[in-house]
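Structure file start19.cif with mmCIF, C-alpha atoms:
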```cif
data_work
loop_
_atom_site.label_atom_id
_atom_site.label_comp_id
_atom_site.auth_asym_id
_atom_site.auth_seq_id
_atom_site.Cartn_x
_atom_site.Cartn_y
_atom_site.Cartn_z
CA MET A 903 55.91 78.31 149.83
CA VAL A 904 54.78 81.87 149.15
CA SER A 905 52.65 83.69 151.71
CA PHE A 906 50.36 86.60 150.91
CA GLU A 907 52.58 89.08 152.78
CA GLN A 908 55.70 87.89 150.92
CA SER A 909 54.09 88.63 147.57
CA PHE A 910 54.00 92.36 148.42
CA THR A 911 57.43 92.65 150.09
CA ALA A 912 59.30 94.02 147.04
CA VAL A 913 56.41 96.31 146.04
CA ASP A 914 56.14 97.77 149.54
CA LEU A 915 59.90 98.36 149.63
CA ILE A 916 59.76 100.29 146.35
CA LEU A 917 56.73 102.32 147.46
CA ILE A 918 58.26 103.15 150.85
CA THR A 919 61.46 104.29 149.11
CA SER A 920 59.37 106.79 147.13
CA GLY A 921 57.66 108.02 150.30
CA ILE A 922 54.44 106.06 149.82
CA PRO A 923 53.30 103.79 152.71
CA SER A 924 52.76 100.09 152.02
CA CYS A 925 49.90 99.25 149.66
CA SER A 926 47.84 97.80 152.53
CA SER A 927 47.97 101.09 154.49
CA PHE A 928 44.99 103.43 154.70
CA TYR A 929 45.20 107.20 155.00
CA PRO A 930 45.45 108.45 158.62
CA VAL A 931 42.28 110.12 159.80
CA SER A 932 43.81 113.44 160.91
CA ILE A 933 45.35 115.87 158.42
CA LYS A 934 48.41 116.35 160.64
CA SER A 935 49.11 112.61 160.71
CA ALA A 936 48.55 112.34 156.96
CA LEU A 937 51.00 115.17 156.24
CA LYS A 938 53.60 113.71 158.60
CA ARG A 939 53.31 110.23 157.15
CA ASN A 940 53.46 111.46 153.55
CA ALA A 941 56.19 114.08 153.97
CA VAL A 942 58.71 112.25 151.77
CA PHE A 943 56.05 111.61 149.13
CA LEU A 944 55.09 115.31 149.06
CA MET A 945 58.74 116.31 148.64
CA ALA A 946 59.21 113.78 145.83
CA PHE A 947 56.01 114.97 144.12
CA THR A 948 57.06 118.62 144.41
CA LEU A 949 60.49 117.82 142.97
CA LEU A 950 59.05 115.85 140.05
CA PHE A 951 56.39 118.52 139.43
CA TYR A 952 59.02 121.25 139.20
CA THR A 953 61.08 119.02 136.89
CA ALA A 954 58.14 118.63 134.51
CA PHE A 955 57.41 122.37 134.75
CA GLY A 956 61.08 123.26 134.17
CA GLU A 957 61.32 120.93 131.17
CA LEU A 958 58.16 122.44 129.68
CA VAL A 959 59.46 126.01 130.13
CA TYR A 960 62.80 125.01 128.61
CA LEU A 961 60.96 123.46 125.64
CA VAL A 962 58.87 126.61 125.12
CA GLU A 963 61.97 128.80 125.24
CA MET A 964 63.66 126.47 122.79
CA LEU A 965 60.78 126.90 120.32
CA GLN A 966 61.18 130.70 120.51
CA ARG A 967 64.74 130.63 119.22
CA ASP A 968 66.67 128.80 116.55
CA PHE A 969 66.64 125.12 117.38
CA SER A 970 67.42 121.84 115.74
CA PHE A 971 65.00 118.95 115.33
CA LEU A 972 67.29 116.78 117.47
CA GLU A 973 66.95 119.23 120.37
CA ILE A 974 63.18 118.81 120.33
CA THR A 975 63.40 115.03 120.16
CA PHE A 976 65.78 115.15 123.13
CA GLN A 977 63.52 117.27 125.33
CA ALA A 978 60.06 115.86 124.56
CA PRO A 979 60.61 112.27 125.89
CA CYS A 980 62.01 113.56 129.20
CA LEU A 981 58.93 115.75 129.65
CA GLY A 982 56.64 112.83 128.78
CA TYR A 983 58.41 110.54 131.24
CA CYS A 984 57.96 113.07 134.05
CA THR A 985 54.27 113.65 133.30
CA ILE A 986 53.61 109.88 133.34
CA GLY A 987 55.40 109.71 136.70
CA LEU A 988 53.26 112.54 138.07
CA MET A 989 50.11 110.78 136.88
CA LYS A 990 51.17 107.58 138.62
CA MET A 991 51.95 109.46 141.83
CA LEU A 992 48.52 111.10 141.79
CA ILE A 993 46.80 107.74 141.28
CA LEU A 994 48.74 106.13 144.13
CA ALA A 995 47.85 109.06 146.39
CA VAL A 996 44.21 109.63 145.45
CA LYS A 997 43.37 105.92 145.28
CA ARG A 998 45.30 104.97 148.44
CA ASN A 999 42.27 103.75 150.41
CA THR A 1000 40.82 101.94 147.38
CA ILE A 1001 44.12 100.13 146.85
CA ALA A 1002 44.25 99.18 150.54
CA GLU A 1003 40.67 97.85 150.37
CA LEU A 1004 41.55 95.80 147.28
CA VAL A 1005 44.63 94.32 148.98
CA GLN A 1006 42.51 93.53 152.05
CA SER A 1007 39.88 91.78 149.90
CA LEU A 1008 42.55 89.75 148.10
CA GLN A 1009 44.06 88.71 151.43
CA GLU A 1010 40.67 87.58 152.75
CA GLU A 1011 40.12 85.63 149.54
CA TRP A 1012 43.59 84.11 149.83
CA ASN A 1013 42.92 82.96 153.41
CA LYS A 1014 39.62 81.35 152.36
CA SER A 1015 40.83 79.82 149.10
CA VAL A 1016 44.19 78.27 149.93
CA ARG A 1017 42.88 75.17 151.71
CA SER A 1018 45.07 72.37 150.33
CA LEU A 1019 48.53 71.58 148.99
CA GLU A 1020 47.14 71.79 145.45
CA HIS A 1021 45.89 75.33 146.10
CA GLN A 1022 49.25 76.33 147.58
CA SER A 1023 50.98 74.83 144.56
CA ILE A 1024 48.86 77.02 142.26
CA CYS A 1025 49.81 80.07 144.33
CA ASP A 1026 53.49 79.21 144.11
CA ASP A 1027 53.34 78.53 140.36
CA VAL A 1028 51.85 81.98 139.70
CA MET A 1029 53.34 84.18 142.43
CA LYS A 1030 56.96 83.00 142.50
CA PRO A 1031 57.63 83.89 138.83
CA ALA A 1032 55.69 87.16 139.26
CA ILE A 1033 57.73 88.20 142.31
CA ARG A 1034 61.00 87.17 140.66
CA PHE A 1035 60.20 88.82 137.33
CA THR A 1036 58.95 92.14 138.75
CA THR A 1037 61.91 92.36 141.13
CA ILE A 1038 64.44 91.77 138.34
CA VAL A 1039 62.71 94.28 136.05
CA ALA A 1040 62.61 96.87 138.84
CA VAL A 1041 66.32 96.43 139.61
CA VAL A 1042 67.30 96.55 135.93
CA ASN A 1043 65.23 99.70 135.34
CA ILE A 1044 66.68 101.41 138.40
CA VAL A 1045 70.20 100.58 137.21
CA MET A 1046 69.43 101.83 133.69
CA GLY A 1047 67.88 105.01 135.10
CA LEU A 1048 70.85 105.75 137.32
CA ALA A 1049 73.18 105.03 134.39
CA PHE A 1050 71.17 107.58 132.36
CA THR A 1051 71.75 110.28 134.99
CA LEU A 1052 75.43 109.40 135.58
CA LEU A 1053 76.52 109.07 131.94
CA PRO A 1054 77.55 112.76 131.64
CA ILE A 1055 80.35 112.10 134.17
CA PRO A 1056 82.39 109.69 131.97
CA GLU A 1057 81.56 111.89 128.97
CA MET A 1058 83.05 114.94 130.73
CA ILE A 1059 86.12 112.93 131.76
CA TYR A 1060 86.63 111.71 128.20
CA TYR A 1061 86.27 115.23 126.81
CA TYR A 1062 88.82 116.53 129.31
CA SER A 1063 91.28 113.77 128.44
CA THR A 1064 91.03 114.55 124.70
CA HIS A 1065 90.64 118.37 124.73
CA GLY A 1066 92.30 119.37 127.99
CA LYS A 1067 89.36 121.31 129.44
CA TRP A 1068 86.22 120.62 131.41
CA VAL A 1069 82.81 121.16 129.80
CA ARG A 1070 80.06 120.80 132.34
CA GLN A 1071 77.00 118.73 131.36
CA LEU A 1072 73.72 117.70 132.95
CA PRO A 1073 71.66 114.54 132.27
CA PHE A 1074 68.58 116.43 131.03
CA LEU A 1075 67.51 120.01 130.52
CA ILE A 1076 65.43 121.98 133.03
CA TRP A 1077 64.77 125.71 133.17
CA TRP A 1078 66.26 127.46 136.19
CA SER A 1079 66.11 131.14 137.10
CA PHE A 1080 69.90 131.03 137.57
CA ASP A 1081 72.87 129.56 135.73
CA ALA A 1082 72.97 125.90 136.80
CA TYR A 1083 76.45 125.42 135.32
CA SER A 1084 78.26 128.20 137.20
CA GLY A 1085 80.54 127.93 140.23
CA PHE A 1086 79.61 125.72 143.14
CA VAL A 1087 75.95 125.75 142.08
CA TYR A 1088 76.74 122.99 139.59
CA TYR A 1089 78.02 120.69 142.35
CA PHE A 1090 74.67 121.04 144.11
CA ILE A 1091 72.51 120.82 140.99
CA TYR A 1092 74.04 117.66 139.53
CA PRO A 1093 73.31 115.48 142.62
CA LEU A 1094 69.81 116.97 142.60
CA TYR A 1095 69.38 115.69 139.03
CA VAL A 1096 70.43 112.22 140.19
CA VAL A 1097 67.82 112.38 142.98
CA ILE A 1098 65.17 113.51 140.47
CA GLY A 1099 66.05 110.66 138.12
CA PHE A 1100 66.01 108.09 140.92
CA SER A 1101 62.65 109.38 142.23
CA GLY A 1102 61.08 109.18 138.78
CA ILE A 1103 62.28 105.62 138.23
CA ILE A 1104 61.12 104.49 141.67
CA ILE A 1105 57.65 105.94 141.10
CA HIS A 1106 57.32 104.23 137.71
CA MET A 1107 58.50 100.90 139.10
CA GLY A 1108 56.34 101.13 142.24
CA PHE A 1109 53.19 101.70 140.19
CA ASP A 1110 54.04 99.06 137.58
CA CYS A 1111 55.08 96.38 140.08
CA LEU A 1112 51.97 97.00 142.17
CA PHE A 1113 49.82 96.55 139.06
CA CYS A 1114 51.62 93.32 138.14
CA ILE A 1115 51.43 91.77 141.61
CA LEU A 1116 47.73 92.61 141.93
CA SER A 1117 47.16 91.11 138.47
CA ALA A 1118 49.06 87.99 139.53
CA HIS A 1119 46.78 87.67 142.57
CA LEU A 1120 43.72 87.83 140.32
CA CYS A 1121 45.28 85.07 138.21
CA VAL A 1122 45.90 82.98 141.34
CA HIS A 1123 42.23 83.11 142.32
CA LEU A 1124 41.04 82.46 138.78
CA ARG A 1125 43.26 79.38 138.54
CA ILE A 1126 42.14 78.14 141.96
CA LEU A 1127 38.57 78.60 140.74
CA LYS A 1128 39.42 76.58 137.64
CA PHE A 1129 40.91 73.81 139.81
CA ASP A 1130 37.83 73.74 142.09
CA LEU A 1131 35.49 73.53 139.11
CA GLU A 1132 37.47 70.70 137.55
CA ASN A 1133 37.29 68.74 140.81
CA LEU A 1134 33.75 69.70 141.70
CA THR A 1135 32.27 66.34 140.78
CA TYR A 1136 35.37 64.25 141.47
CA GLY A 1137 34.59 61.07 143.45
CA LEU A 1138 30.81 61.47 143.22
CA ASP A 1139 28.47 59.15 141.38
CA SER A 1140 25.32 60.03 139.46
CA SER A 1141 22.94 59.22 142.28
CA GLU A 1142 20.26 61.58 143.53
CA ASN A 1143 22.49 62.57 146.45
CA MET A 1144 25.08 63.98 144.06
CA SER A 1145 23.32 67.33 143.61
CA ILE A 1146 22.75 67.64 147.35
CA LYS A 1147 26.46 67.13 148.00
CA LEU A 1148 27.47 69.53 145.25
CA ASN A 1149 25.28 72.48 146.18
CA PRO A 1150 27.44 73.84 149.07
CA LYS A 1151 30.59 73.56 146.94
CA LEU A 1152 28.90 75.20 143.97
CA PHE A 1153 27.56 78.09 146.04
CA TYR A 1154 31.07 78.67 147.41
CA ILE A 1155 32.47 78.71 143.86
CA VAL A 1156 29.80 81.16 142.69
CA GLU A 1157 30.54 83.44 145.64
CA LYS A 1158 34.27 83.27 144.91
CA HIS A 1159 33.66 84.06 141.25
CA GLN A 1160 31.66 87.14 142.22
CA ASN A 1161 34.42 88.30 144.58
CA ILE A 1162 36.99 87.94 141.80
CA LEU A 1163 34.82 90.00 139.45
CA GLU A 1164 34.52 92.71 142.10
CA CYS A 1165 38.31 92.78 142.58
CA HIS A 1166 38.73 93.02 138.81
CA ASP A 1167 36.34 95.99 138.66
CA ARG A 1168 38.23 97.71 141.48
CA MET A 1169 41.50 97.28 139.62
CA ASN A 1170 39.96 98.84 136.52
CA LYS A 1171 38.78 101.85 138.53
CA ILE A 1172 42.22 102.33 140.08
CA PHE A 1173 44.48 101.92 137.05
CA ASN A 1174 42.43 102.58 133.90
CA PHE A 1175 43.20 106.27 133.29
CA ALA A 1176 46.86 106.05 134.31
CA LEU A 1177 47.32 103.10 131.94
CA PHE A 1178 45.63 105.00 129.12
CA TYR A 1179 47.91 108.01 129.61
CA ASN A 1180 50.94 105.74 129.91
CA PHE A 1181 50.13 103.87 126.68
CA PHE A 1182 49.23 107.04 124.75
CA VAL A 1183 52.37 108.99 125.67
CA SER A 1184 54.63 105.94 125.40
CA SER A 1185 53.63 105.32 121.78
CA PHE A 1186 55.14 108.72 120.89
CA ILE A 1187 58.12 108.48 123.23
CA ILE A 1188 59.16 105.06 121.89
CA CYS A 1189 59.09 106.39 118.34
CA ILE A 1190 61.14 109.48 119.29
CA GLN A 1191 63.63 107.40 121.26
CA GLY A 1192 63.99 105.00 118.34
CA PHE A 1193 64.71 107.95 116.07
CA MET A 1194 67.31 109.32 118.50
CA VAL A 1195 69.03 105.93 118.67
CA THR A 1196 69.38 105.89 114.87
CA ALA A 1197 70.44 109.55 114.64
CA ALA A 1198 72.78 109.77 117.63
CA SER A 1199 76.22 108.33 118.29
CA GLY A 1200 78.60 107.68 121.16
CA TYR A 1201 77.46 108.80 124.60
CA THR A 1202 74.10 110.08 123.36
CA LEU A 1203 73.37 106.77 121.64
CA ILE A 1204 73.90 104.83 124.88
CA LYS A 1205 71.79 107.33 126.79
CA PHE A 1206 68.75 107.03 124.56
CA ALA A 1207 69.14 103.29 124.07
CA LEU A 1208 68.78 102.96 127.86
CA PHE A 1209 65.74 105.26 127.82
CA LEU A 1210 64.13 103.27 124.99
CA ALA A 1211 64.82 99.93 126.69
CA SER A 1212 63.26 101.21 129.92
CA PHE A 1213 60.01 102.17 128.17
CA LEU A 1214 59.79 98.92 126.23
CA VAL A 1215 60.32 96.80 129.35
CA GLU A 1216 57.75 98.83 131.28
CA LEU A 1217 55.08 98.44 128.59
CA PHE A 1218 55.80 94.75 128.16
CA LEU A 1219 55.48 94.17 131.92
CA LEU A 1220 52.06 95.84 132.11
CA CYS A 1221 50.67 94.16 129.01
CA PHE A 1222 52.07 90.73 129.89
CA TYR A 1223 50.31 90.55 133.24
CA GLY A 1224 47.15 92.07 131.81
CA HIS A 1225 47.21 89.29 129.21
CA HIS A 1226 47.76 86.73 131.98
CA ILE A 1227 44.38 87.71 133.47
CA VAL A 1228 42.67 87.19 130.11
CA GLU A 1229 44.13 83.70 129.73
CA SER A 1230 43.25 82.70 133.31
CA SER A 1231 39.62 83.83 132.94
CA VAL A 1232 39.24 81.76 129.77
CA LEU A 1233 40.42 78.68 131.67
CA VAL A 1234 37.63 79.18 134.23
CA ALA A 1235 34.95 79.11 131.53
CA GLU A 1236 36.48 75.96 130.02
CA ALA A 1237 36.63 74.26 133.43
CA ALA A 1238 32.97 75.12 134.08
CA TYR A 1239 31.94 73.60 130.76
CA ASN A 1240 34.03 70.45 131.29
CA CYS A 1241 32.69 69.56 134.75
CA LEU A 1242 30.00 66.86 134.87
CA TRP A 1243 27.10 69.32 134.85
CA TYR A 1244 24.90 66.97 132.81
CA ASN A 1245 24.65 64.58 135.81
CA THR A 1246 23.22 67.26 138.09
CA ASN A 1247 19.93 68.98 138.72
CA HIS A 1248 18.43 71.95 136.89
CA GLN A 1249 19.66 74.54 139.38
CA PHE A 1250 23.25 73.34 139.07
CA ARG A 1251 23.10 73.33 135.26
CA THR A 1252 21.64 76.84 135.21
CA ILE A 1253 24.43 78.23 137.41
CA ILE A 1254 27.14 76.53 135.35
CA LEU A 1255 25.58 77.88 132.16
CA GLN A 1256 25.72 81.42 133.58
CA MET A 1257 29.41 80.98 134.41
CA VAL A 1258 30.12 79.67 130.92
CA ASN A 1259 28.23 82.60 129.35
CA LYS A 1260 30.19 85.12 131.44
CA GLY A 1261 33.37 83.37 130.42
CA GLN A 1262 32.65 84.01 126.73
CA ILE A 1263 33.87 87.55 127.35
CA PRO A 1264 37.28 87.14 129.03
CA LEU A 1265 38.17 89.41 131.95
CA SER A 1266 40.36 92.20 130.67
CA LEU A 1267 41.72 95.28 132.37
CA MET A 1268 41.18 98.37 130.28
CA ALA A 1269 43.16 101.52 129.62
CA TRP A 1270 40.28 103.99 129.95
CA LYS A 1271 37.83 101.81 127.95
CA ILE A 1272 39.98 102.23 124.83
CA TRP A 1273 42.82 99.71 125.00
CA PRO A 1274 42.59 96.29 126.62
CA VAL A 1275 45.74 95.62 128.63
CA ASN A 1276 47.13 92.60 126.80
CA MET A 1277 49.88 91.57 124.42
CA ASN A 1278 47.83 92.58 121.36
CA THR A 1279 47.83 96.15 122.65
CA PHE A 1280 51.59 95.95 123.21
CA ALA A 1281 51.99 94.89 119.57
CA ASN A 1282 49.65 97.67 118.41
CA ILE A 1283 51.62 100.31 120.34
CA LEU A 1284 54.85 99.11 118.79
CA SER A 1285 53.20 99.16 115.37
CA ALA A 1286 51.97 102.73 115.91
CA SER A 1287 55.40 103.79 117.17
CA TRP A 1288 57.01 102.29 114.06
CA SER A 1289 54.64 104.27 111.85
CA TYR A 1290 55.51 107.51 113.68
CA PHE A 1291 59.20 106.59 113.48
CA THR A 1292 59.16 106.13 109.70
CA LEU A 1293 57.30 109.46 109.35
CA ILE A 1294 59.88 111.30 111.47
CA ARG A 1295 62.74 109.68 109.57
CA THR A 1296 61.20 110.81 106.29
CA VAL A 1297 60.67 114.39 107.50
CA TYR A 1298 64.17 114.58 109.01
CA ALA A 1299 65.74 113.21 105.81
CA ASP A 1300 63.99 115.89 103.75
#
```
Could I get this structure in the form of structure tokens?
Amino acid sequence: MVSFEQSFTAVDLILITSGIPSCSSFYPVSIKSALKRNAVFLMAFTLLFYTAFGELVYLVEMLQRDFSFLEITFQAPCLGYCTIGLMKMLILAVKRNTIAELVQSLQEEWNKSVRSLEHQSICDDVMKPAIRFTTIVAVVNIVMGLAFTLLPIPEMIYYYSTHGKWVRQLPFLIWWSFDAYSGFVYYFIYPLYVVIGFSGIIIHMGFDCLFCILSAHLCVHLRILKFDLENLTYGLDSSENMSIKLNPKLFYIVEKHQNILECHDRMNKIFNFALFYNFFVSSFIICIQGFMVTAASGYTLIKFALFLASFLVELFLLCFYGHHIVESSVLVAEAAYNCLWYNTNHQFRTIILQMVNKGQIPLSLMAWKIWPVNMNTFANILSASWSYFTLIRTVYAD
């Protein structure tokens, strides 16, 4: 039996690892307390910001000299990944109190709604797979990300065993004002790269898992609403007392429906721009990574296959749970239509009609009012990425 607190355990652990307090925490009132509590987050943000800046400078310097097309396709995805991570960090920081208010509202709704074994069963059916799925995806992505940063080590060992000399490598390319490969500096810089990679992955997973768990909670309440509507007239006859008995239940359902809509609007305000930026940049990164997988070999092939898999899993996770909300909201409209509204009074029928009319437009989270977050958008992004991929392949072949 899943409790509300248990549903956020994995998300809070990921957020705390990245220096962000639990999603139910508000900002401290005093600046000193806020700085103290967010010290790790500020260090992680500074590190990721410099990484994005260093990658951009390196890319600009690369364009000013002779470079190969493969060098550009290597550098651009890393820069895009870092900028998406920075965007997600900013959203989690700026919207901290809004997120905490949303979690608080969902908890209040949970406490009011879960009143029977049937309600708890609905919660378990939705939340258990969500918790399990997001946890597995987070672990797999963290492992793939760490593998990405550690792959140069076996590559260097292999090169030494075949050529008899060490050639120092780094997982990705950042501009430094000094030689990062010289002397003992390298032994400090390489672990720093691993920390940077781990921080970026944790931020991505914290944001994505938070989005998915909040979406799952919306689905829980929509499915409880569906269940309550289906059983609204259960056990009642068509006597005159029926409408009198139904009114309190109906008013509770209407109030719950309004609360769900408000939570949905809050989620849109929190995540819409970050999702838009994520989808927009990812469509290009997926295409570039696909090209690198077809053009590379050996160690580099494995490296970019991991990068590509990470992006695909991340996009699928977001779109899947966004689509879950759409499906759950449609079920509410169907349940409203199928209840015995024709045996009730005019007021009851009017309210049910309004719920059915609202249900004609399914609830859908939006990526900045451009892309609905659902599986159709996931398919469209893949289609766009394939188009870019074929164009790049054609240009590179020429």
(message) Which residues would end up in the selection if the PyMOL selection byres ((chain A and resi 1054) around 9) were applied here, given that I need the answer as a ChimeraX atom specification?
(response) /A:1050-1053,1055-1059,1070-1073,1201
Could you give me, as JSON lines, a per-residue list for region 950-1021 of chain A showing, wherever an atom lies at most 12 Å from an atom of region 922-945 of chain A, the closest pair of atoms and their distance in Å to one decimal, using all atoms listed in the file and sorting by chain then residue number from low to high?
```
{"residue": "A:Leu950", "atom": "CA", "partner": "A:Met945", "partner_atom": "CA", "distance": 8.6}
{"residue": "A:Phe951", "atom": "CA", "partner": "A:Met945", "partner_atom": "CA", "distance": 9.8}
{"residue": "A:Tyr952", "atom": "CA", "partner": "A:Met945", "partner_atom": "CA", "distance": 10.7}
{"residue": "A:Leu988", "atom": "CA", "partner": "A:Phe943", "partner_atom": "CA", "distance": 11.4}
{"residue": "A:Lys990", "atom": "CA", "partner": "A:Ile922", "partner_atom": "CA", "distance": 11.8}
{"residue": "A:Met991", "atom": "CA", "partner": "A:Phe943", "partner_atom": "CA", "distance": 8.6}
{"residue": "A:Leu992", "atom": "CA", "partner": "A:Phe943", "partner_atom": "CA", "distance": 10.5}
{"residue": "A:Ile993", "atom": "CA", "partner": "A:Ile922", "partner_atom": "CA", "distance": 11.6}
{"residue": "A:Leu994", "atom": "CA", "partner": "A:Ile922", "partner_atom": "CA", "distance": 8.1}
{"residue": "A:Ala995", "atom": "CA", "partner": "A:Ile922", "partner_atom": "CA", "distance": 8.0}
{"residue": "A:Val996", "atom": "CA", "partner": "A:Tyr929", "partner_atom": "CA", "distance": 9.9}
{"residue": "A:Lys997", "atom": "CA", "partner": "A:Phe928", "partner_atom": "CA", "distance": 9.9}
{"residue": "A:Arg998", "atom": "CA", "partner": "A:Phe928", "partner_atom": "CA", "distance": 6.5}
{"residue": "A:Asn999", "atom": "CA", "partner": "A:Phe928", "partner_atom": "CA", "distance": 5.1}
{"residue": "A:Thr1000", "atom": "CA", "partner": "A:Phe928", "partner_atom": "CA", "distance": 8.6}
{"residue": "A:Ile1001", "atom": "CA", "partner": "A:Cys925", "partner_atom": "CA", "distance": 6.5}
{"residue": "A:Ala1002", "atom": "CA", "partner": "A:Ser926", "partner_atom": "CA", "distance": 4.3}
{"residue": "A:Glu1003", "atom": "CA", "partner": "A:Ser926", "partner_atom": "CA", "distance": 7.5}
{"residue": "A:Leu1004", "atom": "CA", "partner": "A:Ser926", "partner_atom": "CA", "distance": 8.4}
{"residue": "A:Val1005", "atom": "CA", "partner": "A:Ser926", "partner_atom": "CA", "distance": 5.9}
{"residue": "A:Gln1006", "atom": "CA", "partner": "A:Ser926", "partner_atom": "CA", "distance": 6.8}
{"residue": "A:Ser1007", "atom": "CA", "partner": "A:Ser926", "partner_atom": "CA", "distance": 10.3}
{"residue": "A:Leu1008", "atom": "CA", "partner": "A:Ser926", "partner_atom": "CA", "distance": 10.6}
{"residue": "A:Gln1009", "atom": "CA", "partner": "A:Ser926", "partner_atom": "CA", "distance": 9.9}
```
Please identify every residue of region 1088-1160 of chain A that has at least one atom no farther than 7 Å from an atom of region 1224-1241 of chain A, counting all atoms listed in the file, and for each give the shortest atom pair and the distance in Å to one decimal, arranged by chain then increasing number, as a tab-separated table.
```
residue	atom	partner	partner_atom	distance
A:Ser1117	CA	A:Ile1227	CA	6.7
A:Leu1120	CA	A:Ile1227	CA	6.9
A:Cys1121	CA	A:Ile1227	CA	5.5
A:Leu1124	CA	A:Ser1230	CA	5.9
A:Arg1125	CA	A:Ser1230	CA	6.2
A:Leu1127	CA	A:Val1234	CA	6.6
A:Lys1128	CA	A:Val1234	CA	4.6
A:Leu1131	CA	A:Ala1237	CA	5.8
A:Glu1132	CA	A:Ala1237	CA	5.5
A:Thr1135	CA	A:Cys1241	CA	6.8
```
Can you translate the PyMOL selection byres ((chain A and resi 1082) around 12) into the concrete residues it hits in this file, as an mmCIF file with C-alpha atoms, in the coordinates of the input?
```
data_model
loop_
_atom_site.group_PDB
_atom_site.id
_atom_site.type_symbol
_atom_site.label_atom_id
_atom_site.label_comp_id
_atom_site.auth_asym_id
_atom_site.auth_seq_id
_atom_site.Cartn_x
_atom_site.Cartn_y
_atom_site.Cartn_z
ATOM 1 C CA ARG A 1070 80.060 120.800 132.340
ATOM 2 C CA GLN A 1071 77.000 118.730 131.360
ATOM 3 C CA LEU A 1072 73.720 117.700 132.950
ATOM 4 C CA PHE A 1074 68.580 116.430 131.030
ATOM 5 C CA LEU A 1075 67.510 120.010 130.520
ATOM 6 C CA ILE A 1076 65.430 121.980 133.030
ATOM 7 C CA TRP A 1077 64.770 125.710 133.170
ATOM 8 C CA TRP A 1078 66.260 127.460 136.190
ATOM 9 C CA SER A 1079 66.110 131.140 137.100
ATOM 10 C CA PHE A 1080 69.900 131.030 137.570
ATOM 11 C CA ASP A 1081 72.870 129.560 135.730
ATOM 12 C CA TYR A 1083 76.450 125.420 135.320
ATOM 13 C CA SER A 1084 78.260 128.200 137.200
ATOM 14 C CA GLY A 1085 80.540 127.930 140.230
ATOM 15 C CA PHE A 1086 79.610 125.720 143.140
ATOM 16 C CA VAL A 1087 75.950 125.750 142.080
ATOM 17 C CA TYR A 1088 76.740 122.990 139.590
ATOM 18 C CA TYR A 1089 78.020 120.690 142.350
ATOM 19 C CA PHE A 1090 74.670 121.040 144.110
ATOM 20 C CA ILE A 1091 72.510 120.820 140.990
ATOM 21 C CA TYR A 1092 74.040 117.660 139.530
ATOM 22 C CA PRO A 1093 73.310 115.480 142.620
ATOM 23 C CA LEU A 1094 69.810 116.970 142.600
ATOM 24 C CA TYR A 1095 69.380 115.690 139.030
#
```
(request) Grab the CA of Lys1151 (chain A) to CA of Asn1133 (chain A) distance for me, in Å with one decimal place. (result) 10.3 Å
(message) Just want the 8 Å neighbourhood of Phe1209 (chain A), counted on all atoms listed in the file, with same-chain residues fewer than 2 positions away dropped. Output as a VMD selection string.
(response) chain A and resid 1046 to 1047 1050 1191 1205 to 1207 1211 to 1213
(request) I would like the residues chosen by the PyMOL selection byres ((chain A and resi 1282) around 12) on the shown file; could you give them as a ChimeraX atom specification? (result) /A:1181-1182,1184-1185,1217-1218,1221,1273-1281,1283-1289
(message) Using only C-alpha atoms, can you tell me which of A:Cys1189, A:Met989, A:Val1297, A:Met1107 comes closest to Ile1038 (chain A)?
(response) A:Met1107
Could you put an axis-aligned box around every listed atom of region 1204-1217 of chain A, padded by 3 Å on each side, and send me its centre and edge lengths in Å to one decimal, as JSON?
```
{"center_x": 64.5, "center_y": 102.1, "center_z": 127.7, "size_x": 24.8, "size_y": 16.5, "size_z": 13.2}
```
(message) With distances taken over only C-alpha atoms, which residue among A:Ile1115, A:Ile1098, A:Cys1025, A:Val1041 lies nearest Thr953 (chain A)?
(response)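 Ranked by minimum distance to Thr953 (chain A), first place goes to A:Ile1098.
Residue nearest Ser909 (chain A), chosen from A:Phe1035, A:Tyr960, A:Phe955, A:Phe1129 and counting all atoms listed in the file: A:Phe1035.
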